[in-house]
>>> print(open('work.cif').read())   # mmCIF, C-alpha atoms
data_data
#
loop_
_atom_site.label_atom_id
_atom_site.label_comp_id
_atom_site.auth_asym_id
_atom_site.auth_seq_id
_atom_site.Cartn_x
_atom_site.Cartn_y
_atom_site.Cartn_z
CA MET B 69 72.10 126.05 94.45
CA LEU B 70 75.33 124.06 94.90
CA LYS B 71 77.00 126.88 96.80
CA LYS B 72 73.91 127.32 98.96
CA ARG B 73 73.86 123.65 99.99
CA ILE B 74 77.58 123.60 100.58
CA MET B 75 77.27 126.59 102.90
CA GLN B 76 74.51 124.79 104.82
CA VAL B 77 76.79 121.80 105.40
CA VAL B 78 79.77 124.02 106.25
CA TRP B 79 77.76 126.03 108.78
CA LEU B 80 76.04 123.04 110.38
CA LEU B 81 79.17 120.94 110.97
CA PRO B 82 81.15 123.55 112.92
CA LEU B 83 78.02 124.43 114.90
CA LEU B 84 77.67 120.83 116.06
CA LEU B 85 81.36 120.52 116.81
CA MET B 86 81.43 123.81 118.73
CA LEU B 87 78.96 122.30 121.19
CA LEU B 88 81.37 119.52 122.14
CA PRO B 89 83.26 121.36 124.89
CA PHE B 90 79.99 122.10 126.66
CA ALA B 91 78.88 118.47 126.46
CA GLY B 92 81.54 117.50 128.98
CA ILE B 93 79.76 119.35 131.78
CA HIS B 94 78.39 116.70 134.16
CA ALA B 95 75.62 116.95 136.67
CA GLU B 96 76.90 117.90 140.07
CA SER B 97 77.48 114.99 142.44
CA GLN B 98 76.95 115.02 146.15
CA PRO B 99 79.52 116.98 148.18
CA ALA B 100 82.41 114.70 149.15
CA SER B 101 84.11 114.76 152.53
CA SER B 102 87.80 114.00 152.83
CA ARG B 103 87.06 110.40 153.95
CA ALA B 104 84.05 109.46 151.86
CA VAL B 105 83.31 106.05 150.33
CA TYR B 106 82.83 106.13 146.56
CA ILE B 107 80.42 103.61 145.04
CA ILE B 108 80.99 103.18 141.30
CA PRO B 109 78.79 100.96 139.08
CA VAL B 110 80.35 98.52 136.60
CA HIS B 111 77.25 97.30 134.81
CA GLN B 112 76.24 96.03 131.38
CA THR B 113 78.83 95.66 128.63
CA ILE B 114 82.45 96.54 129.24
CA GLU B 115 83.61 98.87 126.48
CA SER B 116 85.55 102.07 125.89
CA GLY B 117 82.69 104.30 127.07
CA LEU B 118 82.66 102.55 130.47
CA GLN B 119 86.42 102.96 130.68
CA SER B 120 86.09 106.73 130.20
CA PHE B 121 83.43 106.95 132.91
CA LEU B 122 85.51 104.92 135.39
CA GLU B 123 88.57 107.08 134.74
CA ARG B 124 86.50 110.14 135.60
CA ALA B 125 85.05 108.47 138.72
CA PHE B 126 88.45 107.31 140.03
CA LYS B 127 89.87 110.78 139.44
CA GLU B 128 87.09 112.34 141.49
CA ALA B 129 87.63 109.80 144.28
CA HIS B 130 91.37 110.52 144.42
CA GLU B 131 90.84 114.28 144.35
CA ALA B 132 88.42 113.90 147.27
CA SER B 133 90.88 111.68 149.20
CA ALA B 134 88.24 108.96 149.55
CA GLN B 135 88.98 106.16 152.00
CA LEU B 136 87.43 103.35 149.91
CA ILE B 137 86.16 102.64 146.40
CA VAL B 138 83.45 100.01 145.97
CA LEU B 139 83.03 98.69 142.44
CA ASP B 140 79.42 97.56 142.08
CA ILE B 141 79.90 94.78 139.49
CA ASN B 142 77.24 93.01 137.47
CA THR B 143 78.39 92.32 133.90
CA LEU B 144 78.71 89.49 131.42
CA GLY B 145 81.92 90.99 130.01
CA GLY B 146 82.81 92.90 126.89
CA GLU B 147 85.89 94.20 125.09
CA ILE B 148 89.21 92.82 126.32
CA THR B 149 91.12 96.01 125.43
CA ALA B 150 88.77 98.13 127.54
CA ALA B 151 88.88 95.55 130.36
CA MET B 152 92.69 95.66 130.38
CA GLU B 153 92.70 99.45 130.74
CA ILE B 154 90.06 99.32 133.49
CA GLY B 155 91.95 96.55 135.27
CA ASN B 156 95.11 98.69 135.23
CA LEU B 157 93.10 101.61 136.58
CA VAL B 158 91.84 99.50 139.51
CA ARG B 159 95.26 97.93 140.17
CA ASP B 160 97.09 101.28 140.23
CA SER B 161 94.55 102.98 142.51
CA LYS B 162 96.10 104.46 145.66
CA ILE B 163 92.71 104.12 147.33
CA PRO B 164 91.73 100.60 148.50
CA THR B 165 89.21 98.93 146.20
CA VAL B 166 86.51 96.33 146.80
CA ALA B 167 84.79 94.49 143.95
CA PHE B 168 81.19 93.80 145.06
CA ILE B 169 79.78 91.15 142.73
CA HIS B 170 76.02 90.87 143.07
CA GLY B 171 75.13 89.01 139.90
CA ASP B 172 77.77 88.10 137.35
CA ALA B 173 81.43 88.94 136.89
CA ALA B 174 81.98 86.94 133.74
CA SER B 175 84.73 87.22 131.15
CA ALA B 176 86.22 90.73 131.18
CA GLY B 177 84.32 91.45 134.39
CA THR B 178 86.34 88.72 136.11
CA PHE B 179 89.60 90.42 135.18
CA ILE B 180 88.43 93.75 136.61
CA ALA B 181 87.36 92.06 139.88
CA LEU B 182 90.68 90.22 140.19
CA ASN B 183 92.55 93.54 140.14
CA ALA B 184 90.65 94.87 143.15
CA ASN B 185 92.17 94.57 146.63
CA GLU B 186 89.25 92.42 147.79
CA ILE B 187 86.28 90.62 146.26
CA VAL B 188 82.92 90.39 148.02
CA MET B 189 80.17 88.28 146.42
CA SER B 190 76.46 88.09 147.07
CA GLU B 191 74.57 84.81 147.30
CA GLY B 192 73.75 83.50 143.84
CA SER B 193 76.54 85.41 142.13
CA VAL B 194 79.14 83.82 139.83
CA ILE B 195 82.69 84.64 138.76
CA GLY B 196 84.73 83.15 135.90
CA ALA B 197 84.11 81.77 132.39
CA ALA B 198 86.46 84.34 130.83
CA ALA B 199 87.10 82.74 127.43
CA ILE B 200 87.64 85.07 124.48
CA VAL B 201 84.64 85.16 122.13
CA ASP B 202 83.85 87.01 118.91
CA VAL B 203 80.83 89.25 118.26
CA SER B 204 78.64 86.22 117.53
CA GLY B 205 79.54 84.57 120.85
CA ARG B 206 81.80 81.85 119.42
CA GLU B 207 85.04 81.10 121.24
CA VAL B 208 88.12 82.51 119.54
CA ASP B 209 90.71 79.85 118.69
CA ASN B 210 93.81 82.03 118.57
CA ALA B 211 96.68 80.54 120.57
CA LYS B 212 98.62 83.80 120.80
CA LEU B 213 95.63 85.82 121.98
CA ILE B 214 94.51 83.14 124.45
CA SER B 215 98.04 82.89 125.87
CA TYR B 216 98.18 86.66 126.40
CA TRP B 217 94.81 86.72 128.14
CA VAL B 218 95.79 83.72 130.34
CA GLU B 219 98.98 85.53 131.38
CA SER B 220 97.01 88.68 132.22
CA MET B 221 94.49 86.76 134.35
CA GLU B 222 97.23 84.80 136.14
CA SER B 223 99.17 88.00 136.84
CA ALA B 224 96.11 89.67 138.38
CA ALA B 225 95.42 86.60 140.53
CA LYS B 226 99.04 86.32 141.77
CA MET B 227 99.12 90.03 142.63
CA ARG B 228 96.23 89.54 145.09
CA GLY B 229 97.48 86.21 146.45
CA ARG B 230 95.04 83.99 144.58
CA ASN B 231 95.68 80.63 142.88
CA PRO B 232 96.76 81.54 139.28
CA VAL B 233 95.84 78.09 137.90
CA ILE B 234 92.17 78.79 138.62
CA ALA B 235 92.41 82.09 136.75
CA ALA B 236 94.07 80.32 133.79
CA GLY B 237 91.30 77.69 133.76
CA MET B 238 88.71 80.47 133.49
CA VAL B 239 90.21 81.40 130.09
CA ASP B 240 91.64 78.19 128.59
CA LYS B 241 89.32 75.19 128.67
CA ASN B 242 92.22 72.85 127.86
CA ILE B 243 93.67 73.34 131.34
CA GLU B 244 92.59 70.84 134.02
CA VAL B 245 91.89 72.56 137.33
CA ASP B 246 91.50 70.85 140.70
CA ILE B 247 90.07 72.91 143.59
CA PRO B 248 90.10 70.56 146.59
CA GLU B 249 89.09 73.36 149.00
CA ALA B 250 85.74 73.61 147.23
CA GLY B 251 85.51 69.96 146.24
CA ARG B 252 85.50 70.90 142.55
CA LYS B 253 87.44 69.50 139.64
CA PHE B 254 87.28 70.89 136.09
CA ALA B 255 88.34 68.47 133.35
CA ALA B 256 89.75 69.48 129.96
CA GLY B 257 87.00 71.01 127.86
CA GLN B 258 85.42 72.86 130.81
CA LEU B 259 85.86 76.53 131.65
CA VAL B 260 86.19 77.35 135.33
CA SER B 261 83.38 79.37 136.87
CA LEU B 262 82.79 79.64 140.61
CA SER B 263 79.65 80.25 142.62
CA PHE B 264 79.84 82.64 145.57
CA ASP B 265 80.47 79.83 148.10
CA ASP B 266 83.03 77.99 145.94
CA ALA B 267 84.84 81.28 145.30
CA LEU B 268 85.00 81.90 149.07
CA LYS B 269 86.44 78.45 149.70
CA ALA B 270 88.94 78.75 146.81
CA GLY B 271 90.20 82.15 147.96
CA TYR B 272 88.57 83.99 145.07
CA SER B 273 86.47 86.13 147.39
CA GLU B 274 87.02 87.42 150.90
CA HIS B 275 83.44 87.73 152.11
CA THR B 276 79.79 87.10 151.28
CA ALA B 277 77.36 90.04 151.44
CA ASN B 278 73.96 90.54 149.87
CA THR B 279 73.69 94.31 150.12
CA LEU B 280 75.89 97.35 149.92
CA GLU B 281 75.22 98.00 153.61
CA GLU B 282 76.70 94.61 154.45
CA VAL B 283 79.75 95.35 152.32
CA LEU B 284 80.33 98.68 154.10
CA SER B 285 79.78 97.03 157.48
CA TYR B 286 82.33 94.34 156.56
CA LYS B 287 84.85 97.11 155.77
CA ASN B 288 83.80 99.02 158.91
CA VAL B 289 82.95 102.17 156.98
CA GLN B 290 79.18 102.06 157.39
CA GLU B 291 79.18 105.49 159.04
CA ALA B 292 81.26 107.16 156.34
CA PRO B 293 79.66 109.58 153.86
CA ARG B 294 78.78 107.85 150.59
CA ILE B 295 79.22 109.24 147.12
CA PHE B 296 77.31 107.37 144.42
CA VAL B 297 79.01 108.20 141.14
CA GLU B 298 76.68 107.78 138.17
CA PRO B 299 77.32 108.32 134.47
CA SER B 300 76.03 111.64 133.19
CA THR B 301 73.46 111.76 130.39
CA ALA B 302 76.23 112.66 127.98
CA GLU B 303 78.37 109.73 129.18
CA ASN B 304 75.45 107.30 128.80
CA LEU B 305 74.89 108.56 125.26
CA SER B 306 78.62 108.33 124.61
CA ARG B 307 78.69 104.68 125.73
CA ILE B 308 76.02 103.87 123.16
CA LEU B 309 77.51 105.88 120.31
CA THR B 310 81.11 104.69 120.78
CA SER B 311 80.13 101.04 120.47
CA PRO B 312 81.57 99.41 117.30
CA VAL B 313 78.19 99.08 115.58
CA ALA B 314 76.94 102.58 116.44
CA LYS B 315 80.08 104.45 115.42
CA THR B 316 80.25 102.54 112.13
CA LEU B 317 76.65 103.54 111.36
CA LEU B 318 77.42 107.17 112.23
CA LEU B 319 80.36 107.18 109.83
CA LEU B 320 78.21 105.59 107.12
CA VAL B 321 75.53 108.27 107.52
CA GLY B 322 78.16 111.01 107.68
CA ILE B 323 80.09 109.98 104.58
CA ALA B 324 77.04 109.21 102.44
CA GLY B 325 75.03 112.24 103.57
CA VAL B 326 77.72 114.88 103.04
CA ALA B 327 78.89 113.37 99.71
CA ILE B 328 75.35 113.16 98.33
CA GLU B 329 74.65 116.77 99.32
CA LEU B 330 77.83 117.97 97.64
CA PHE B 331 77.44 116.00 94.42
CA VAL B 332 73.65 116.07 94.15
CA PRO B 333 72.53 119.24 95.96
CA GLY B 334 68.97 120.40 96.26
CA PHE B 335 67.64 117.90 98.80
CA GLY B 336 69.00 119.33 102.04
CA LEU B 337 68.14 116.26 104.15
CA PRO B 338 71.23 114.17 103.18
CA GLY B 339 73.51 117.08 104.10
CA ILE B 340 71.79 117.56 107.45
CA LEU B 341 71.92 113.83 108.25
CA GLY B 342 75.57 113.68 107.18
CA ALA B 343 76.49 116.60 109.42
CA LEU B 344 74.59 115.03 112.34
CA GLY B 345 76.30 111.67 111.75
CA PHE B 346 79.79 113.18 111.89
CA GLY B 347 78.78 115.55 114.69
CA LEU B 348 77.49 112.72 116.91
CA TYR B 349 80.59 110.65 116.12
CA PHE B 350 82.92 113.37 117.38
CA PHE B 351 80.54 114.34 120.21
CA SER B 352 80.53 110.81 121.64
CA HIS B 353 84.29 110.37 121.28
CA TYR B 354 84.93 113.78 122.79
CA ILE B 355 82.82 112.89 125.85
CA ALA B 356 84.59 109.54 126.13
CA GLY B 357 87.90 111.39 126.19
CA PHE B 358 89.23 109.92 122.95
CA ALA B 359 88.84 112.96 120.67
CA GLY B 360 90.36 116.39 121.22
CA ILE B 361 90.51 119.69 119.38
CA GLU B 362 93.28 118.42 117.09
CA GLU B 363 91.14 115.59 115.68
CA ILE B 364 88.16 117.91 115.18
CA VAL B 365 90.30 120.50 113.36
CA LEU B 366 91.72 117.80 111.07
CA PHE B 367 88.24 116.59 110.23
CA VAL B 368 86.82 120.05 109.50
CA LEU B 369 89.89 120.88 107.40
CA GLY B 370 89.31 117.71 105.37
CA ILE B 371 85.68 118.66 104.67
CA ILE B 372 86.72 122.18 103.60
CA LEU B 373 89.38 120.83 101.22
CA LEU B 374 86.89 118.43 99.63
CA ILE B 375 84.41 121.28 99.14
CA ILE B 376 87.14 123.39 97.51
CA GLU B 377 87.89 120.51 95.12
CA VAL B 378 84.22 120.31 94.11
CA VAL B 379 83.78 124.07 93.61
CA VAL B 380 87.24 124.91 92.25
CA PRO B 381 88.81 121.78 90.70
CA GLY B 382 92.44 121.47 91.73
CA PHE B 383 93.50 118.46 89.63
CA GLY B 384 92.80 116.16 92.60
CA LEU B 385 95.26 117.82 94.99
CA PHE B 386 92.57 119.28 97.24
CA ALA B 387 90.64 116.00 97.13
CA ALA B 388 93.71 113.95 98.12
CA ALA B 389 94.69 116.31 100.94
CA GLY B 390 91.09 116.52 102.15
CA THR B 391 90.65 112.75 102.16
CA ILE B 392 93.86 112.22 104.14
CA SER B 393 92.90 114.93 106.63
CA LEU B 394 89.36 113.61 107.06
CA ILE B 395 90.48 109.99 107.54
CA SER B 396 93.18 111.07 110.02
CA GLY B 397 90.66 113.03 112.08
CA VAL B 398 88.17 110.14 112.21
CA VAL B 399 90.77 107.47 113.04
CA MET B 400 92.62 109.55 115.63
CA ALA B 401 89.33 110.35 117.39
CA SER B 402 88.56 106.66 117.86
CA TYR B 403 89.46 104.52 120.87
CA ASN B 404 92.51 103.21 119.01
CA THR B 405 93.82 103.25 115.44
CA ALA B 406 92.76 99.69 114.62
CA SER B 407 89.22 100.28 115.84
CA GLY B 408 88.93 103.54 113.90
CA LEU B 409 90.25 102.07 110.64
CA LYS B 410 87.99 99.05 110.97
CA SER B 411 84.83 101.12 111.49
CA LEU B 412 85.79 103.52 108.68
CA GLY B 413 86.58 100.68 106.29
CA ILE B 414 83.26 98.96 106.96
CA ALA B 415 81.33 102.23 106.59
CA VAL B 416 82.97 103.29 103.32
CA ILE B 417 81.72 100.32 101.26
CA PRO B 418 77.93 100.81 101.76
CA ALA B 419 78.46 104.58 101.65
CA ILE B 420 79.98 104.34 98.15
CA ILE B 421 77.07 102.17 97.03
CA LEU B 422 74.53 104.72 98.32
CA ILE B 423 76.39 107.62 96.70
CA ALA B 424 76.58 105.76 93.38
CA ILE B 425 72.84 105.05 93.46
CA PHE B 426 72.00 108.70 94.12
CA ILE B 427 74.36 109.91 91.39
CA LYS B 428 72.87 107.47 88.89
CA ILE B 429 69.30 108.49 89.69
CA PHE B 430 69.96 112.22 89.92
CA LYS B 431 72.93 112.51 87.56
CA ARG B 432 71.48 115.57 85.83
CA LYS B 433 71.55 117.53 89.07
CA GLY B 434 74.31 119.19 91.06
CA VAL B 435 77.89 119.33 89.87
CA TRP B 436 77.15 116.69 87.21
CA LYS B 437 75.34 119.39 85.21
CA LYS B 438 78.80 120.78 84.47
CA PHE B 439 79.83 117.58 82.70
CA ILE B 440 76.60 116.44 81.02
CA LEU B 441 74.94 118.16 78.03
CA SER B 442 71.33 118.22 79.14
CA GLU B 443 69.79 119.81 76.00
CA GLU B 444 70.17 118.97 72.32
CA GLN B 445 69.95 121.82 69.80
CA LYS B 446 68.50 120.45 66.57
CA ASN B 447 68.44 122.03 63.10
CA GLU B 448 64.75 121.22 62.88
CA GLU B 449 64.14 123.52 65.86
CA GLY B 450 65.89 126.45 64.20
CA TYR B 451 69.41 125.89 65.55
CA THR B 452 72.22 126.00 62.99
CA SER B 453 75.86 125.36 63.70
CA SER B 454 78.13 128.13 62.48
CA SER B 455 80.54 125.50 61.20
CA VAL B 456 78.11 123.74 58.86
CA LYS B 457 79.32 124.23 55.20
CA ASP B 458 76.95 121.93 53.31
CA HIS B 459 75.64 124.81 51.18
CA LEU B 460 79.08 125.20 49.53
CA LEU B 461 79.13 121.72 48.02
CA GLY B 462 79.56 121.90 44.20
CA LYS B 463 80.22 125.65 44.10
CA ASN B 464 83.16 127.27 42.33
CA GLY B 465 85.59 129.79 43.75
CA VAL B 466 89.06 131.31 43.57
CA ALA B 467 92.15 130.44 45.64
CA LEU B 468 93.08 133.56 47.57
CA THR B 469 96.30 131.95 48.78
CA VAL B 470 98.50 129.15 47.61
CA LEU B 471 96.87 125.82 48.57
CA ARG B 472 99.56 123.36 49.74
CA PRO B 473 97.37 121.62 50.44
CA SER B 474 95.43 124.01 52.72
CA GLY B 475 94.76 127.71 52.35
CA THR B 476 92.01 130.25 51.86
CA ALA B 477 89.54 130.55 48.99
CA LEU B 478 86.76 132.91 48.02
CA ILE B 479 83.58 130.96 47.31
CA GLY B 480 80.72 133.20 46.43
CA GLU B 481 80.97 136.03 48.94
CA GLU B 482 82.58 133.92 51.69
CA ARG B 483 86.25 133.55 52.63
CA ILE B 484 86.62 129.89 53.47
CA ASP B 485 89.50 127.80 54.82
CA VAL B 486 89.86 124.94 52.36
CA VAL B 487 92.08 121.92 51.70
CA THR B 488 92.95 119.87 48.63
CA PHE B 489 93.45 116.10 48.35
CA GLY B 490 97.20 116.80 48.37
CA ASP B 491 97.43 118.78 45.12
CA TYR B 492 99.33 122.07 44.88
CA ILE B 493 97.16 124.97 43.61
CA ASP B 494 98.57 128.43 42.92
CA LYS B 495 97.01 131.61 44.15
CA GLY B 496 94.31 133.00 41.79
CA ARG B 497 93.45 129.62 40.28
CA LYS B 498 89.81 128.56 39.90
CA ILE B 499 88.67 125.84 42.30
CA LYS B 500 85.54 123.75 42.98
CA VAL B 501 84.18 122.33 46.26
CA THR B 502 84.01 118.57 45.87
CA GLN B 503 83.45 117.36 49.42
CA ILE B 504 82.25 118.59 52.84
CA GLU B 505 83.43 116.68 55.92
CA GLY B 506 82.01 118.52 58.92
CA THR B 507 83.97 121.76 58.99
CA ARG B 508 86.46 120.49 56.41
CA VAL B 509 85.94 121.91 52.89
CA VAL B 510 87.75 119.89 50.20
CA VAL B 511 88.45 121.50 46.81
CA ARG B 512 90.16 120.73 43.48
CA GLU B 513 91.46 122.92 40.67
CA LEU B 514 89.17 123.44 37.69
CA ASN B 515 90.60 122.42 34.33
CA GLU B 516 90.40 124.65 31.25
CA ASP B 517 87.34 122.85 29.85
CA GLU B 518 85.42 123.47 33.03
CA ILE B 519 86.45 127.12 33.16
CA GLY B 520 85.43 127.75 29.60
#
>>> encode(input="work.cif", output="structure tokens")
Amino acid sequence: MLKKRIMQVVWLLPLLLMLLPFAGIHAESQPASSRAVYIIPVHQTIESGLQSFLERAFKEAHEASAQLIVLDINTLGGEITAAMEIGNLVRDSKIPTVAFIHGDAASAGTFIALNANEIVMSEGSVIGAAAIVDVSGREVDNAKLISYWVESMESAAKMRGRNPVIAAGMVDKNIEVDIPEAGRKFAAGQLVSLSFDDALKAGYSEHTANTLEEVLSYKNVQEAPRIFVEPSTAENLSRILTSPVAKTLLLLVGIAGVAIELFVPGFGLPGILGALGFGLYFFSHYIAGFAGIEEIVLFVLGIILLIIEVVVPGFGLFAAAGTISLISGVVMASYNTASGLKSLGIAVIPAIILIAIFIKIFKRKGVWKKFILSEEQKNEEGYTSSSVKDHLLGKNGVALTVLRPSGTALIGEERIDVVTFGDYIDKGRKIKVTQIEGTRVVVRELNEDEIG
């Protein structure tokens, strides 16, 4: 049964992973002319999945020799690391870029907008409030991190000819910012955020437009062909599954499911769920462009080595090599090493607890049957150990060999290995069994009175 379940896991994992190359096939976009305008959405949370999509969209725009890229921005921010990479992508673009803010460009979204060649805002939209916050929404009080983010925002503002002090005030609330052009003054303790009209007066936007048509008219490209680049279904799924919470849950399900199926086989469902968890983890990271064939091979090799250790114990060598290979594959497939190690570390703790619970409940199943005696053979049920010598107690015999203190004696019709209490007994002397200690038969020499 163990081998059968192991084969199910082994076959299912590669099957899922073999589908990864085909998952990168995107729906066909509209035909692009050599001077098309590309409209690319930057919506919802900024994270690694969005970065992967934008890299693909910018690549398509450059390959099509587009004349303009419009970033359709409406986001409350997200991961700083992803925002930095996206900002660099926008800054390094050889095609002119326009950030069209028609809602919010807060936090990391502000940084992306500042890297564009121009910013156009709709009425009612806001830019700024780019303080660093943790997952619970509380501001991070880390001087080194804040300083780095301030420098990045100031650099982006200077590059496009904007006042860097305003950008710094969007991150660090301890900076006092005076914007006389807009009649605004931000005291210490206030983060800078600008409405569409204040941003226009302060030089943080070049134009006000409420629709995409107005943006294109402002840039005098309203007659140009338009290519609306949208995330594929696979990319949308990837954005969800590569989020910190989702990928940690996938690793938890993967580790616990596969381990439970290997150690407590017979259920089937844990193995299937484990394979799906790992499969979706690598699927999403493959689509996002973080995982390649090398990471997948490392992971599969790790699983195989762990299975070999379970089936053919190798004194822990296979287990150690498999664990290192598996961890390397998972971490290398992640957005970055720190993110991968963090998710794996968080997932391992509850996974171990789940595995321990299953092993405790079903400890008489699976490979544990090899280490646990499940049946007791009792004398009352007709089972007799071949080593039991109780029937010899008190009987006499003859030493067949010299006893010093152990040797062989003939007791009745049986040749028995015996031992004395340290006495020396010559061969052929009469002996008597005085004690039985398990398989140990203790004898002494008979004196002349007893022989007679």
>>> residues_around(input="work.cif", residues="region 400-412 of chain B", least_positions_apart="3", cutoff="10 Å", atoms="all atoms listed in the file", output="PyMOL selection string")
chain B and resi 115-117+149-150+310-320+323+349-350+352-354+356-364+366-367+395-397+415-417
>>> residues_around(input="work.cif", residues="region 250-264 of chain B", least_positions_apart="5", cutoff="8 Å", atoms="only C-alpha atoms", output="VMD selection string")
chain B and resid 189 to 199 234 to 235 237 to 245 269 to 270 273 276
>>> atom_distance(input="work.cif", atom1="CA of Lys212 (chain B)", atom2="CA of Gly271 (chain B)")
28.5 Å
>>> resolve_selection(input="work.cif", expression="the PyMOL selection byres ((chain B and resi 494-508) around 12)", output="NGL selection string")
:B and (453-480 or 484-489 or 491-493 or 509-520)
>>> write_last_selection(input="work.cif", atoms="C-alpha atoms", output="mmCIF file, in the coordinates of the input")
data_model
loop_
_atom_site.group_PDB
_atom_site.id
_atom_site.type_symbol
_atom_site.label_atom_id
_atom_site.label_comp_id
_atom_site.auth_asym_id
_atom_site.auth_seq_id
_atom_site.Cartn_x
_atom_site.Cartn_y
_atom_site.Cartn_z
ATOM 1 C CA SER B 453 75.860 125.360 63.700
ATOM 2 C CA SER B 454 78.130 128.130 62.480
ATOM 3 C CA SER B 455 80.540 125.500 61.200
ATOM 4 C CA VAL B 456 78.110 123.740 58.860
ATOM 5 C CA LYS B 457 79.320 124.230 55.200
ATOM 6 C CA ASP B 458 76.950 121.930 53.310
ATOM 7 C CA HIS B 459 75.640 124.810 51.180
ATOM 8 C CA LEU B 460 79.080 125.200 49.530
ATOM 9 C CA LEU B 461 79.130 121.720 48.020
ATOM 10 C CA GLY B 462 79.560 121.900 44.200
ATOM 11 C CA LYS B 463 80.220 125.650 44.100
ATOM 12 C CA ASN B 464 83.160 127.270 42.330
ATOM 13 C CA GLY B 465 85.590 129.790 43.750
ATOM 14 C CA VAL B 466 89.060 131.310 43.570
ATOM 15 C CA ALA B 467 92.150 130.440 45.640
ATOM 16 C CA LEU B 468 93.080 133.560 47.570
ATOM 17 C CA THR B 469 96.300 131.950 48.780
ATOM 18 C CA VAL B 470 98.500 129.150 47.610
ATOM 19 C CA LEU B 471 96.870 125.820 48.570
ATOM 20 C CA ARG B 472 99.560 123.360 49.740
ATOM 21 C CA PRO B 473 97.370 121.620 50.440
ATOM 22 C CA SER B 474 95.430 124.010 52.720
ATOM 23 C CA GLY B 475 94.760 127.710 52.350
ATOM 24 C CA THR B 476 92.010 130.250 51.860
ATOM 25 C CA ALA B 477 89.540 130.550 48.990
ATOM 26 C CA LEU B 478 86.760 132.910 48.020
ATOM 27 C CA ILE B 479 83.580 130.960 47.310
ATOM 28 C CA GLY B 480 80.720 133.200 46.430
ATOM 29 C CA ILE B 484 86.620 129.890 53.470
ATOM 30 C CA ASP B 485 89.500 127.800 54.820
ATOM 31 C CA VAL B 486 89.860 124.940 52.360
ATOM 32 C CA VAL B 487 92.080 121.920 51.700
ATOM 33 C CA THR B 488 92.950 119.870 48.630
ATOM 34 C CA PHE B 489 93.450 116.100 48.350
ATOM 35 C CA ASP B 491 97.430 118.780 45.120
ATOM 36 C CA TYR B 492 99.330 122.070 44.880
ATOM 37 C CA ILE B 493 97.160 124.970 43.610
ATOM 38 C CA VAL B 509 85.940 121.910 52.890
ATOM 39 C CA VAL B 510 87.750 119.890 50.200
ATOM 40 C CA VAL B 511 88.450 121.500 46.810
ATOM 41 C CA ARG B 512 90.160 120.730 43.480
ATOM 42 C CA GLU B 513 91.460 122.920 40.670
ATOM 43 C CA LEU B 514 89.170 123.440 37.690
ATOM 44 C CA ASN B 515 90.600 122.420 34.330
ATOM 45 C CA GLU B 516 90.400 124.650 31.250
ATOM 46 C CA ASP B 517 87.340 122.850 29.850
ATOM 47 C CA GLU B 518 85.420 123.470 33.030
ATOM 48 C CA ILE B 519 86.450 127.120 33.160
ATOM 49 C CA GLY B 520 85.430 127.750 29.600
#
>>> closest_residue(input="work.cif", among="B:Glu329, B:Glu153, B:Glu123, B:Glu128", to="Phe430 (chain B)", atoms="all atoms listed in the file")
B:Glu329
>>> build_atoms(input="work.cif", residues="region 267-276 of chain B", atoms="N, CA and C atoms", output="PDB file, in the frame of the given file")
ATOM      1  N   ALA B 267      83.834  80.224 145.398  1.00  0.00           N
ATOM      2  CA  ALA B 267      84.840  81.280 145.300  1.00  0.00           C
ATOM      3  C   ALA B 267      85.398  81.617 146.679  1.00  0.00           C
ATOM      4  N   LEU B 268      84.552  81.613 147.697  1.00  0.00           N
ATOM      5  CA  LEU B 268      85.000  81.900 149.070  1.00  0.00           C
ATOM      6  C   LEU B 268      85.951  80.809 149.560  1.00  0.00           C
ATOM      7  N   LYS B 269      85.607  79.561 149.265  1.00  0.00           N
ATOM      8  CA  LYS B 269      86.440  78.450 149.700  1.00  0.00           C
ATOM      9  C   LYS B 269      87.770  78.406 148.932  1.00  0.00           C
ATOM     10  N   ALA B 270      87.741  78.805 147.654  1.00  0.00           N
ATOM     11  CA  ALA B 270      88.940  78.750 146.810  1.00  0.00           C
ATOM     12  C   ALA B 270      89.819  79.977 146.951  1.00  0.00           C
ATOM     13  N   GLY B 271      89.407  80.940 147.786  1.00  0.00           N
ATOM     14  CA  GLY B 271      90.200  82.150 147.960  1.00  0.00           C
ATOM     15  C   GLY B 271      89.988  83.170 146.860  1.00  0.00           C
ATOM     16  N   TYR B 272      88.877  83.027 146.130  1.00  0.00           N
ATOM     17  CA  TYR B 272      88.570  83.990 145.070  1.00  0.00           C
ATOM     18  C   TYR B 272      87.530  85.026 145.508  1.00  0.00           C
ATOM     19  N   SER B 273      87.215  85.032 146.775  1.00  0.00           N
ATOM     20  CA  SER B 273      86.470  86.130 147.390  1.00  0.00           C
ATOM     21  C   SER B 273      86.817  86.125 148.879  1.00  0.00           C
ATOM     22  N   GLU B 274      86.670  87.295 149.485  1.00  0.00           N
ATOM     23  CA  GLU B 274      87.020  87.420 150.900  1.00  0.00           C
ATOM     24  C   GLU B 274      85.805  87.399 151.830  1.00  0.00           C
ATOM     25  N   HIS B 275      84.619  87.606 151.240  1.00  0.00           N
ATOM     26  CA  HIS B 275      83.440  87.730 152.110  1.00  0.00           C
ATOM     27  C   HIS B 275      82.176  87.548 151.274  1.00  0.00           C
ATOM     28  N   THR B 276      81.097  87.189 151.920  1.00  0.00           N
ATOM     29  CA  THR B 276      79.790  87.100 151.280  1.00  0.00           C
ATOM     30  C   THR B 276      78.874  88.163 151.878  1.00  0.00           C
TER      31      THR B 276
END
